[in-house]
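Participant: First, the structure itself, so that you have it in front of you.
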Protein chains: 2
Amino acid sequence: MAPPVFADVQAAAERLSGQAIRTPLLENVQLNELCGGRVLIKAETLQRTGSFKFRGAFNLLSQIPEGQKAAGVVTCSSGNHAQGVASAAAILGLKAIVVMPEDAPRIKIENTKGYGAEVVFFDRNRESREEIVASISAGTQMTFAPPYDHPHTIAGQGTCGLEIAQQVRELGVSLDNMLVCCGGGGLTAGVALALSEKSPGTKVYTVEPSGFDDTARSLAARQRVSNEPGQSSICDAILTPTPGEITFEINRQLLTGGLSVTDSEVRNAMRFAFNTLKMVVEPGGAVTLAAVLSGRIDTKDRVTAITLSGGNVDPAVFSSVLKA
Amino acid sequence: MAPPVFADVQAAAERLSGQAIRTPLLENVQLNELCGGRVLIKAETLQRTGSFKFRGAFNLLSQIPEGQKAAGVVTCSSGNHAQGVASAAAILGLKAIVVMPEDAPRIKIENTKGYGAEVVFFDRNRESREEIVASISAGTQMTFAPPYDHPHTIAGQGTCGLEIAQQVRELGVSLDNMLVCCGGGGLTAGVALALSEKSPGTKVYTVEPSGFDDTARSLAARQRVSNEPGQSSICDAILTPTPGEITFEINRQLLTGGLSVTDSEVRNAMRFAFNTLKMVVEPGGAVTLAAVLSGRIDTKDRVTAITLSGGNVDPAVFSSVLKA
């Protein structure tokens, strides 16, 4: 499928009006002081379902042709896209089946079920989620809702970038740098698309966990490369093996580069969010905050925006992070 | 001193412009569904210093006469007003001494010191904080900054209500009920003053912890009554013994009534804020959320605003609440 263009992001914004929350762009005095510049925090933790994923899911599901609606949707997700699809399906009156890893955070599994979706588990080490999805949808008219590599998904996530551009303008500042939490690259591609039109002087960077910086390395290599197998990270939401085809086609053209942070830096950022920002951020949603706190990018006398992309973290995990 | 009037709130808003954060008025789909109406969340957890107290402190400190500035300020506080005064003093270049109970939350003590204030501890069971304040300021020109019972403090907190009225108007709705977290009644009186002018149809209620519902009982008795001694609650920020004189003079005229919630309901609300709102709320800041979740007020088909008045909670306390 052809990559989405800016007009698709605008159309998505109209579809999402009244459904998605226009999340606030927050600012914290202490964070600004630490960074020596202004850090603008796009709080997608406050989005419907607790992450930005609702945007892309609703944009995709609301465009399912009439004749295919009755068959419902199927998707695979470690949890945030699962909740986005489940919630959007409930609003649109569609049946949803979500294939999730057995070891996904409990809060993500329970919320997905809570929105009314059927959850099918698989073993990450022994089974292929693509095969399970294929077997579920075989012989049906079910729509597959990809977690990132689809033009409608990307355009939906782009509405986050559109809001950032508007909110930055309302503040009367110009945005130097934009840091986006990156798994498969859907949010990044969407935000980059929006800013390329509405804030063309802004440099856009991905932030990924160390060992899962496939997008950073792909950008450097100018082609899609994969992560080494056998690595681990607490950032469950963004542990994708390789950039998406469509997302990378956009990102390689619009991005300045990719950054990465360690799990230890992510834990520090989650504690900072608790103690100072008073926000609950999940590991994968805190990588951008970790990047600015760890000096991965020069924030001095600059205006830097960061996505806090999700807040769906199990209480036990959160408590263990606070303790460390 | 004479109680403040609406014009004092407007003047405070001008003083606070560029210093206090215009905190967002948030909305959560799941909370609305649970309540059968719209619940608008004034997130003062996101205010400078992590609670609304910065508003009143800055408004008071910025009006200290030139000749008294060099002597600095002194105050007593369980922690949020302490941080508000310490932060405002730092901005204004004033020396600050804060008298705090030994058993105040560590995060509040450390932050108060972090803003540059000197902290003097006292034993809640054996010492009088008023006497300690008196001995510190004796023979000096130090300004005492009361935590709630001062016209400037109340007018400053009123800017929170002014913002709520503006934000409700931006949403195009009319506000039926306003629930305010209440200790000495400063935030309540300020918010009530602002709404009496800008949203006169709104009914304003206090919410207090069970056993510390002195304002609720004072409103019912039409005179200031005190709490029974020897009671306890996790809501450290709002355990005042009796309503303030000035605050009650305002509140008895403008309030509809007072509600109370148990510690168990507060813990539930804090967990809901973590799991669903993705916000860090301290016990005393969660009493209004507890009130709407526990059905203390009829939210069905109504528009109800609540203050989440602070987020300064120790990690260990927060973790223990999540576990329960």
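How things are named: the first chain in the structure tokens is A, the next is B, and so on; residues count from 1 in each chain; ligands count from 1 in the order shown.
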From a DSSP calculation on the backbone, collect every residue of stretch 65-313 of chain B in strand (DSSP E or B) and output the set as a ChimeraX atom specification.

Facilitator: /B:73-76,96-101,118-122,143-144,177-181,203-209,257-261,279,303-308,310

Participant: For chain A, list the residues within 7 Å of chain B, counting only C-alpha atoms, and write the list as a list in words.

Facilitator: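 That gives Pro24, Val29, Thr45, Leu46, Arg48, Phe274, Leu277, Lys278, Met279, Val280, Gly311, Pro315, Ser319 and Leu322 of chain A for chain A.
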
Participant: Output C-alpha atoms of each residue in that selection to a file, as a short mmCIF file (atom, residue, chain, number, x, y, z; two decimals), in the first residue's frame.

Facilitator:
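Dumped everything to out.cif:
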```cif
data_model
loop_
_atom_site.label_atom_id
_atom_site.label_comp_id
_atom_site.auth_asym_id
_atom_site.auth_seq_id
_atom_site.Cartn_x
_atom_site.Cartn_y
_atom_site.Cartn_z
CA PRO A 24 -2.40 18.43 26.79
CA VAL A 29 9.58 23.93 35.63
CA THR A 45 -0.80 8.65 28.74
CA LEU A 46 -3.99 10.72 29.10
CA ARG A 48 -8.34 7.20 25.61
CA PHE A 274 6.31 9.90 39.40
CA LEU A 277 5.72 15.23 36.82
CA LYS A 278 3.17 13.29 38.90
CA MET A 279 2.45 11.09 35.91
CA VAL A 280 2.23 7.35 35.46
CA GLY A 311 0.85 4.67 30.81
CA PRO A 315 1.23 -1.94 39.67
CA SER A 319 6.32 -0.34 42.51
CA LEU A 322 9.90 3.18 42.43
#
```

Participant: Do you know which residues are at most 7 Å from stretch 90-94 of chain B counting only C-alpha atoms, after dropping those on the same chain fewer than 5 positions away, and could you put them as a ChimeraX atom specification?

Facilitator: /B:69-70,72,115-116

Participant: If you run DSSP on the backbone here, which positions in stretch 168-199 of chain B get helix (DSSP H, G or I)? Please write them as JSON, numbers by chain.

Facilitator: {"B": [168, 169, 170, 171, 186, 187, 188, 189, 190, 191, 192, 193, 194, 195, 196, 197, 198]}

Participant: Measuring atom to atom with only C-alpha atoms, identify which of A:Ser137, A:Lys42, A:Asp213, A:Gly230 is nearest to A:Asn125.

Facilitator: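 Of A:Ser137, A:Lys42, A:Asp213, A:Gly230, the one nearest A:Asn125, counting only C-alpha atoms, is A:Gly230.
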
Participant: Let me make sure I understand: among A:Glu118, A:Asp176, A:Glu130, A:Glu249, which one has the smallest atom-to-atom distance to A:Pro146 if we use only C-alpha atoms?

Facilitator: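 Among A:Glu118, A:Asp176, A:Glu130, A:Glu249, it is A:Glu130 that comes nearest to A:Pro146.
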
Participant: To one decimal in Å, tell me the separation between atom CA of A:Thr143 and atom CA of A:Thr112.

Facilitator: 17.8 Å

Participant: So how many Å separate atom CA of B:Ala57 and atom CA of B:Arg222, to one decimal?

Facilitator: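 If I compute the distance from atom CA of B:Ala57 to atom CA of B:Arg222, I get 28.7 Å.
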
Participant: May I ask for the distance between atom CA of B:His81 and atom CA of B:Gly186, given in Å to one decimal place?

Facilitator: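 Pair atom CA of B:His81 / atom CA of B:Gly186 returns 11.0 Å.
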
Participant: Which residue out of A:Gly295, A:Glu197, A:Met178, A:Gln231 has the minimum interatomic distance to A:Thr256 when only C-alpha atoms are used?

Facilitator: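 Checking each of A:Gly295, A:Glu197, A:Met178, A:Gln231 against A:Thr256, counting only C-alpha atoms, the winner is A:Met178.
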
Participant: Of the candidates B:Gly258, B:Gly158, B:Pro147, B:Gly139, which one gets nearest to B:Cys181 if we count only C-alpha atoms?

Facilitator: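 Using only C-alpha atoms, the shortest distance to B:Cys181 belongs to B:Gly258.
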
Participant: Tell me which of B:Ala7, B:Val73, B:Ile97, B:Leu179 sits closest to B:Val303, counting only C-alpha atoms.

Facilitator: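 Of the candidates, the smallest distance to B:Val303 is held by B:Leu179.
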
Participant: Can you pull out every residue within 7 Å of B:Ala290, counting only C-alpha atoms, but drop anything in the same chain fewer than 4 positions away, and send it as a list of chain:residue names?

Facilitator: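 Within the cut-off, the hits are B:Val261, B:Glu265, B:Val266, B:Ala269, B:Ala286, B:Ser294.
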
Participant: Just want the 8 Å neighbourhood of A:Val99, counted on only C-alpha atoms, with same-chain residues fewer than 6 positions away dropped. Output as number ranges by chain.

Facilitator: A: 74-77, 119-122, 129, 132-133

Participant: If we count only C-alpha atoms and set the cut-off at 9 Å, which residues sit around B:Ala117, ignoring sequence neighbours fewer than 5 positions away in its own chain? Please answer as a VMD selection string.

Facilitator: chain B and resid 82 to 83 85 to 87 89 to 90 95 to 98 112

Participant: Name the closest residue to B:Arg217 among the candidates B:Gly257, B:Pro241, B:Gly190, B:Gly201; distances are taken between atoms, counting only C-alpha atoms.

Facilitator: B:Gly257
